[in-house]
Every structure is written in C-alpha cells, then in structure tokens.
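**Q** My questions will all concern the structure given below.
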Amino acid sequence: MDLSLVSKQLHDIIATTNDKPGNKNKIHPVFEVSGNSTLKFYQNLRNHFLNKETKNKLQRYQIMRFKDSSKFKGDQKSEDKLREMVKNIQMNGITSLYLSSSRDMIDNALLLTLPHILPKLQELDFSNVCFDGPMILGQFSNTCPLLEKVTSNNNPYYFCVYGNEMQASKNLKEINMNNSNFVLFDCKISDLNNYPDIFMFYHCCKVLERVSIRNMHFLNYNVFDDDDKPTREDFTQNVLIKFVRNAPPTLHWFRSDLTPDNMTMLRMDRPGIELLN
C-alpha cells in the first residue's frame, strides 16, 4: 500500500474535522486500488489489519476507487475461502465505492467479496463496467444495509426493471441507470389501467428521491413487434408514465426519455416531482 506524505496541518484537517460536531470534511481521503490479483489484494489488506497502527489509518479512508478492476483475475481459491480470509477486515470509514474497468469482464470473486469489507457503504458506482450486474448488485444490496445510491450507467448486462436486485436496500434514495438494459416478463409494467402495484423499481422504491434512467433498452421477445402489441417507444413511455404516477411521495427528481407532452401531463398529476430529459 502506498501512503502519501502530507503536512501535519493538512493531516489534522483530514483526520479531525469529522470529529467536530456539525462539520464534514471538504477533503475526502481516497483509497485507490490497483493490481491484478484478488487474492493478493485481500492478503495485503489482511496483513495491514494485523498492525494496529496501520489498521487505524485504514479506517480514515472514505472513498475506495479501483483504477481498473478488470485486471483483477480469478484465483484458485473459492469465493467462500476468500470470504473467510476477509471476515475480520472491515473498512468502516468507506462510504463510497467507484469501480472502473476496460472492456474486459470483472472477476466475480472480487465483486462478490468486496461488500463484506465495506459494511458502511452508502454509494456504489458501476458505470462503464462489464460485470454480471444482477448477481453482483444483489450481493451489495443484501450485504450493505446502508446503501443509498446506486449508479450503473452504460452497463451491457440486463437488470430486472422491477428492481429485484435492490429490494434489500431499504434506504435506497437514488438510482442512476442511463444507457442500461432491462429484462421484463410481461406487459403489466406498462398497463396504465391495471396492476397499480406493478411498476418500474417497485421492489426498491419506498424512499427513492432521485432517479435518472435515460435511453432504456428492454429484453423481452414476447412483448414487442407483433401487430397487436405496442411499439418499443410506446411501451417505454407507458413504463415511465406509470412509474411517475405510482412513485413514492419522497421522489422529487426524475430524468428520463418522457416526451414533452407526457411531462406536461404528469406535472399536473405529480407537481412535486421535477421532470427532466
């Protein structure tokens, strides 16, 4: 692990400002990770946690950022063994995780075990990352109970449009999934007259405040393209309309591909929601 030298005055600002009531750091310490082995990453962390001084220093970091997580290749050890290795490693100061990658697939062993060392995680960003979206997002949702914000723009994998992967996130306030793909099972989610309890993200929307979901893509070969079924454009508009109409009272900001006419109509129904495209 590389540590940068800073002046004592700057160190005091970073290390103590959060301890003062009513103050929040303007400088957020970043734990930047690079490498090519999931096993070595966890071995190094475990060794640092064996040293009390280093362990305490690691708790000061608020942001974890991977330079290129796709370089972390799978190890022969199973996920269960990796989880056993990190069971005593908890970086309680980390509230934000940013993953980046090239076009290569990220190793599941890394992503399935990361949630176990970040129990206080509030913000998760998977943008432009190639990974098994539903399984990994579900793991973070189930393991990180304080999760409030999920960002996964430009993801090639398909999420469930109902929000199944995030249903364990009871504190989820913000979703950003622009240029992303979604799978659905039938037309109920776009039916404006029936099934009022079935709408986009209904599994995880109870305290949502902000949603950005432009340029949605759907996968369901039974919904589109027949003469008696809706076009993709009409279907998408109905999905968005139904979400706004049934969204919780906490929602106050929504960016999507709603047409200007539909936004005008919905502003009459839900004046408390700022609609953008």
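Identifiers for the structure tokens are assigned positionally: chains receive A, B, ... in sequence, residues are indexed from 1 per chain, and ligands are indexed from 1 in the order shown.
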Mind dumping a table of every range 93-116 of chain A residue within 7 Å of range 122-144 of chain A, with the nearest atom pair and its distance in Å to one decimal, using only C-alpha atoms, sorted by chain and rising number, as CSV?
**A**
```
residue,atom,partner,partner_atom,distance
A:Thr95,CA,A:Gln122,CA,5.0
A:Ser96,CA,A:Glu123,CA,4.6
A:Leu97,CA,A:Leu124,CA,5.1
A:Tyr98,CA,A:Asp125,CA,4.9
A:Leu99,CA,A:Phe126,CA,5.5
A:Ser100,CA,A:Val129,CA,5.9
A:Ser101,CA,A:Val129,CA,5.5
A:Arg103,CA,A:Cys130,CA,6.3
A:Asp104,CA,A:Cys130,CA,6.5
A:Met105,CA,A:Cys130,CA,5.0
A:Ile106,CA,A:Phe131,CA,5.4
A:Leu111,CA,A:Ile136,CA,6.4
A:Leu112,CA,A:Ile136,CA,6.2
A:Pro115,CA,A:Phe140,CA,5.5
A:His116,CA,A:Thr143,CA,6.6
```
**Q** Residues at most 8 Å from Val207 in chain A, counting only C-alpha atoms, excluding those fewer than 4 positions away in the same chain, as a PyMOL selection string?
**A** chain A and resi 170-173+248+250-251
**Q** Limited to N, CA and C atoms, could you put the picked residues into a file as a PDB file, in the first residue's frame?
**A**
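Written out: again_24.pdb:
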```
ATOM      1  N   LYS A 170     -33.234  -0.978   1.882  1.00  0.00           N
ATOM      2  CA  LYS A 170     -34.370  -0.247   2.450  1.00  0.00           C
ATOM      3  C   LYS A 170     -34.122   1.252   2.539  1.00  0.00           C
ATOM      4  N   ASN A 171     -32.859   1.678   2.377  1.00  0.00           N
ATOM      5  CA  ASN A 171     -32.521   3.096   2.465  1.00  0.00           C
ATOM      6  C   ASN A 171     -32.188   3.709   1.113  1.00  0.00           C
ATOM      7  N   LEU A 172     -32.519   3.013   0.029  1.00  0.00           N
ATOM      8  CA  LEU A 172     -32.127   3.460  -1.306  1.00  0.00           C
ATOM      9  C   LEU A 172     -32.846   4.751  -1.687  1.00  0.00           C
ATOM     10  N   LYS A 173     -32.060   5.811  -1.946  1.00  0.00           N
ATOM     11  CA  LYS A 173     -32.621   7.121  -2.254  1.00  0.00           C
ATOM     12  C   LYS A 173     -32.383   7.559  -3.695  1.00  0.00           C
ATOM     13  N   PRO A 248     -43.221   6.895  -4.944  1.00  0.00           N
ATOM     14  CA  PRO A 248     -43.487   7.298  -3.560  1.00  0.00           C
ATOM     15  C   PRO A 248     -43.461   8.818  -3.414  1.00  0.00           C
ATOM     16  N   THR A 250     -41.719  10.540  -1.646  1.00  0.00           N
ATOM     17  CA  THR A 250     -40.354  11.030  -1.436  1.00  0.00           C
ATOM     18  C   THR A 250     -39.674  11.446  -2.739  1.00  0.00           C
ATOM     19  N   LEU A 251     -40.148  10.930  -3.881  1.00  0.00           N
ATOM     20  CA  LEU A 251     -39.493  11.225  -5.158  1.00  0.00           C
ATOM     21  C   LEU A 251     -39.712  12.691  -5.534  1.00  0.00           C
TER      22      LEU A 251
END
```
**Q** Can you tell me, as a PDB file with C-alpha atoms, in the first residue's frame, which residues in range 37-262 of chain A count as strand (DSSP E) by DSSP?
**A**
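Wrote it out as part-v9.pdb, contents follow:
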```
ATOM      1  CA  ILE A  63     -13.714   6.560  -0.737  1.00  0.00           C
ATOM      2  CA  MET A  64     -12.460   3.364  -2.389  1.00  0.00           C
ATOM      3  CA  ARG A  65     -11.615   3.611  -6.070  1.00  0.00           C
ATOM      4  CA  PHE A  66     -10.334   0.877  -8.397  1.00  0.00           C
ATOM      5  CA  SER A  96     -18.334   5.320  -1.475  1.00  0.00           C
ATOM      6  CA  LEU A  97     -17.046   2.718  -3.934  1.00  0.00           C
ATOM      7  CA  TYR A  98     -16.116   3.546  -7.525  1.00  0.00           C
ATOM      8  CA  GLU A 123     -22.745   4.963  -2.579  1.00  0.00           C
ATOM      9  CA  LEU A 124     -21.903   2.446  -5.308  1.00  0.00           C
ATOM     10  CA  ASP A 125     -20.830   3.309  -8.862  1.00  0.00           C
ATOM     11  CA  LYS A 149     -27.173   5.500  -4.063  1.00  0.00           C
ATOM     12  CA  VAL A 150     -26.604   3.128  -6.991  1.00  0.00           C
ATOM     13  CA  THR A 151     -25.093   4.286 -10.274  1.00  0.00           C
ATOM     14  CA  TYR A 158     -29.547  -6.779 -18.085  1.00  0.00           C
ATOM     15  CA  PHE A 159     -31.075  -5.712 -14.777  1.00  0.00           C
ATOM     16  CA  CYS A 160     -34.629  -6.505 -13.745  1.00  0.00           C
ATOM     17  CA  GLU A 174     -31.052   7.465  -5.692  1.00  0.00           C
ATOM     18  CA  ILE A 175     -30.772   5.316  -8.835  1.00  0.00           C
ATOM     19  CA  ASN A 176     -28.804   6.295 -11.952  1.00  0.00           C
ATOM     20  CA  ASN A 181     -30.508  -2.723 -20.260  1.00  0.00           C
ATOM     21  CA  PHE A 182     -33.518  -4.239 -18.528  1.00  0.00           C
ATOM     22  CA  VAL A 183     -35.357  -7.532 -18.699  1.00  0.00           C
ATOM     23  CA  ARG A 210     -33.922  10.853  -7.368  1.00  0.00           C
ATOM     24  CA  VAL A 211     -33.937   8.631 -10.469  1.00  0.00           C
ATOM     25  CA  SER A 212     -32.123   9.077 -13.778  1.00  0.00           C
ATOM     26  CA  HIS A 217     -33.312  -0.863 -23.503  1.00  0.00           C
ATOM     27  CA  PHE A 218     -35.647  -3.798 -22.891  1.00  0.00           C
ATOM     28  CA  LEU A 219     -35.225  -7.515 -23.465  1.00  0.00           C
ATOM     29  CA  TRP A 253     -36.458  14.468  -9.242  1.00  0.00           C
ATOM     30  CA  PHE A 254     -36.825  12.243 -12.317  1.00  0.00           C
ATOM     31  CA  ARG A 255     -34.804  12.354 -15.536  1.00  0.00           C
TER      32      ARG A 255
END
```
**Q** From the DSSP assignment of the backbone, select every residue of range 43-173 of chain A that is helix (DSSP H, G or I), and format the answer as a ChimeraX atom specification.
**A** /A:43-49,52-58,69-71,79-85,108-117,133-143,164-166
**Q** For those residues, write N, CA and C atoms to a file as a CSV table (one decimal), in the first residue's frame.
**A**
```
chain,number,residue,atom,x,y,z
A,43,GLN,N,-4.9,-10.5,0.7
A,43,GLN,CA,-3.8,-10.8,1.6
A,43,GLN,C,-3.1,-9.6,2.1
A,44,ASN,N,-2.9,-8.6,1.2
A,44,ASN,CA,-2.3,-7.3,1.7
A,44,ASN,C,-3.1,-6.6,2.7
A,45,LEU,N,-4.4,-6.6,2.5
A,45,LEU,CA,-5.3,-5.9,3.4
A,45,LEU,C,-5.3,-6.6,4.8
A,46,ARG,N,-5.3,-7.9,4.7
A,46,ARG,CA,-5.3,-8.7,6.0
A,46,ARG,C,-4.0,-8.4,6.8
A,47,ASN,N,-2.9,-8.4,6.1
A,47,ASN,CA,-1.6,-8.1,6.7
A,47,ASN,C,-1.6,-6.7,7.3
A,48,HIS,N,-2.2,-5.7,6.6
A,48,HIS,CA,-2.2,-4.4,7.2
A,48,HIS,C,-3.1,-4.3,8.4
A,49,PHE,N,-4.2,-5.1,8.5
A,49,PHE,CA,-5.1,-5.1,9.6
A,49,PHE,C,-4.5,-5.8,10.8
A,52,LYS,N,-1.9,-2.7,14.3
A,52,LYS,CA,-2.9,-1.8,14.9
A,52,LYS,C,-2.8,-0.4,14.3
A,53,GLU,N,-1.6,0.1,14.2
A,53,GLU,CA,-1.5,1.5,13.7
A,53,GLU,C,-2.0,1.6,12.2
A,54,THR,N,-1.6,0.6,11.4
A,54,THR,CA,-2.0,0.7,10.0
A,54,THR,C,-3.5,0.4,9.9
A,55,LYS,N,-4.0,-0.5,10.7
A,55,LYS,CA,-5.5,-0.7,10.7
A,55,LYS,C,-6.2,0.6,11.0
A,56,ASN,N,-5.8,1.3,12.0
A,56,ASN,CA,-6.5,2.6,12.4
A,56,ASN,C,-6.4,3.6,11.2
A,57,LYS,N,-5.2,3.6,10.5
A,57,LYS,CA,-5.1,4.6,9.4
A,57,LYS,C,-6.1,4.2,8.3
A,58,LEU,N,-6.3,2.9,8.1
A,58,LEU,CA,-7.2,2.5,7.0
A,58,LEU,C,-8.6,2.9,7.3
A,69,SER,N,-10.6,-2.4,-12.4
A,69,SER,CA,-10.9,-3.6,-11.7
A,69,SER,C,-10.9,-4.9,-12.6
A,70,SER,N,-11.0,-4.7,-13.9
A,70,SER,CA,-11.0,-5.9,-14.8
A,70,SER,C,-9.6,-6.6,-14.8
A,71,LYS,N,-8.6,-5.9,-14.3
A,71,LYS,CA,-7.3,-6.5,-14.2
A,71,LYS,C,-7.2,-7.6,-13.1
A,79,GLU,N,-14.8,-18.5,-3.7
A,79,GLU,CA,-15.4,-17.3,-3.0
A,79,GLU,C,-15.5,-17.5,-1.5
A,80,ASP,N,-15.9,-18.7,-1.1
A,80,ASP,CA,-16.1,-19.0,0.4
A,80,ASP,C,-14.7,-18.8,1.1
A,81,LYS,N,-13.7,-19.3,0.5
A,81,LYS,CA,-12.3,-19.2,1.1
A,81,LYS,C,-11.9,-17.7,1.2
A,82,LEU,N,-12.2,-17.0,0.1
A,82,LEU,CA,-11.9,-15.5,0.1
A,82,LEU,C,-12.7,-14.8,1.2
A,83,ARG,N,-13.9,-15.2,1.3
A,83,ARG,CA,-14.8,-14.6,2.3
A,83,ARG,C,-14.3,-14.9,3.7
A,84,GLU,N,-13.8,-16.1,3.9
A,84,GLU,CA,-13.2,-16.5,5.2
A,84,GLU,C,-12.0,-15.6,5.5
A,85,MET,N,-11.2,-15.4,4.5
A,85,MET,CA,-10.0,-14.6,4.6
A,85,MET,C,-10.2,-13.2,5.1
A,108,ASN,N,-15.8,-12.2,-10.8
A,108,ASN,CA,-16.8,-12.2,-9.8
A,108,ASN,C,-16.3,-12.4,-8.4
A,109,ALA,N,-15.1,-13.1,-8.2
A,109,ALA,CA,-14.6,-13.3,-6.9
A,109,ALA,C,-14.3,-12.0,-6.2
A,110,LEU,N,-13.8,-11.0,-6.9
A,110,LEU,CA,-13.6,-9.7,-6.3
A,110,LEU,C,-14.9,-9.0,-5.9
A,111,LEU,N,-15.8,-9.0,-6.9
A,111,LEU,CA,-17.1,-8.2,-6.6
A,111,LEU,C,-18.0,-8.9,-5.6
A,112,LEU,N,-17.9,-10.2,-5.5
A,112,LEU,CA,-18.8,-10.9,-4.5
A,112,LEU,C,-18.3,-10.8,-3.1
A,113,THR,N,-17.0,-10.5,-2.9
A,113,THR,CA,-16.4,-10.4,-1.6
A,113,THR,C,-16.3,-9.0,-1.1
A,114,LEU,N,-16.2,-8.0,-2.0
A,114,LEU,CA,-16.0,-6.6,-1.6
A,114,LEU,C,-17.1,-6.2,-0.6
A,115,PRO,N,-18.3,-6.5,-0.8
A,115,PRO,CA,-19.4,-6.0,0.1
A,115,PRO,C,-19.1,-6.4,1.5
A,116,HIS,N,-18.4,-7.5,1.8
A,116,HIS,CA,-18.2,-7.9,3.1
A,116,HIS,C,-17.2,-7.1,3.9
A,117,ILE,N,-16.3,-6.3,3.2
A,117,ILE,CA,-15.4,-5.5,3.9
A,117,ILE,C,-15.8,-4.0,4.0
A,133,GLY,N,-24.1,-7.9,-13.7
A,133,GLY,CA,-24.9,-6.9,-13.0
A,133,GLY,C,-25.9,-7.4,-11.9
A,134,PRO,N,-26.9,-8.2,-12.3
A,134,PRO,CA,-27.9,-8.6,-11.3
A,134,PRO,C,-27.3,-9.3,-10.1
A,135,MET,N,-26.5,-10.3,-10.3
A,135,MET,CA,-25.9,-11.1,-9.2
A,135,MET,C,-25.1,-10.2,-8.3
A,136,ILE,N,-24.2,-9.4,-8.9
A,136,ILE,CA,-23.3,-8.5,-8.1
A,136,ILE,C,-24.1,-7.4,-7.3
A,137,LEU,N,-25.0,-6.8,-8.0
A,137,LEU,CA,-25.8,-5.7,-7.4
A,137,LEU,C,-26.6,-6.3,-6.2
A,138,GLY,N,-27.2,-7.5,-6.4
A,138,GLY,CA,-27.9,-8.2,-5.4
A,138,GLY,C,-27.0,-8.5,-4.2
A,139,GLN,N,-25.8,-8.8,-4.4
A,139,GLN,CA,-24.9,-9.1,-3.3
A,139,GLN,C,-24.6,-7.8,-2.5
A,140,PHE,N,-24.4,-6.7,-3.1
A,140,PHE,CA,-24.2,-5.5,-2.4
A,140,PHE,C,-25.4,-5.0,-1.7
A,141,SER,N,-26.6,-5.2,-2.3
A,141,SER,CA,-27.8,-4.8,-1.7
A,141,SER,C,-28.1,-5.6,-0.4
A,142,ASN,N,-27.8,-6.9,-0.4
A,142,ASN,CA,-28.0,-7.8,0.7
A,142,ASN,C,-27.0,-7.6,1.8
A,143,THR,N,-25.8,-7.2,1.5
A,143,THR,CA,-24.7,-7.2,2.4
A,143,THR,C,-24.4,-5.8,3.0
A,164,ASN,N,-35.6,-6.0,-8.6
A,164,ASN,CA,-35.4,-7.1,-7.7
A,164,ASN,C,-34.1,-7.2,-7.1
A,165,GLU,N,-33.0,-6.8,-7.8
A,165,GLU,CA,-31.7,-6.9,-7.3
A,165,GLU,C,-31.5,-6.0,-6.1
A,166,MET,N,-32.3,-4.9,-6.0
A,166,MET,CA,-32.0,-3.9,-4.9
A,166,MET,C,-33.1,-3.9,-3.9
```
**Q** Could you name the residues that touch Phe243 in chain A at 10 Å or less, counting only C-alpha atoms, but leaving out those on the same chain fewer than 5 positions away, as a list in words?
**A** Ile189, Ser190, Leu192, Pro196, Ile198, Phe199, Met200, Phe201, Tyr202, Cys205, Gln237, Asn238, Pro248 and Phe254 of chain A
**Q** Under the rule that only C-alpha atoms are counted, which of A:Ala247, A:Leu50, A:Val33, A:Ile213 is the nearest residue to Leu276 in chain A?
**A**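 Nearest to Leu276 in chain A: A:Ile213.
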**Q** Find the distance between CA of Glu274 in chain A and CA of Ser256 in chain A and write it in Å to one decimal.
**A** 11.0 Å
**Q** Compare A:Met216, A:Cys187, A:Ala168, A:Leu121 by their minimum atom-to-atom distance to Pro156 in chain A, counting only C-alpha atoms, and give me the closest one.
**A**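 Using only C-alpha atoms, the shortest distance to Pro156 in chain A belongs to A:Met216.
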**Q** State, in Å with one decimal place, the distance from CA of Cys204 in chain A to CA of Gln62 in chain A.
**A**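 About the pair CA of Cys204 in chain A and CA of Gln62 in chain A: they are 25.5 Å apart.
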**Q** What is the CA of Asn194 in chain A to CA of Glu209 in chain A distance in Å?
**A**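 Separating CA of Asn194 in chain A from CA of Glu209 in chain A is a distance of 24.9 Å.
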**Q** When you count only C-alpha atoms, which of these residues is closest to Arg232 in chain A: A:Asn215, A:Asn153, A:Gln59, A:Asn193?
**A** A:Asn215
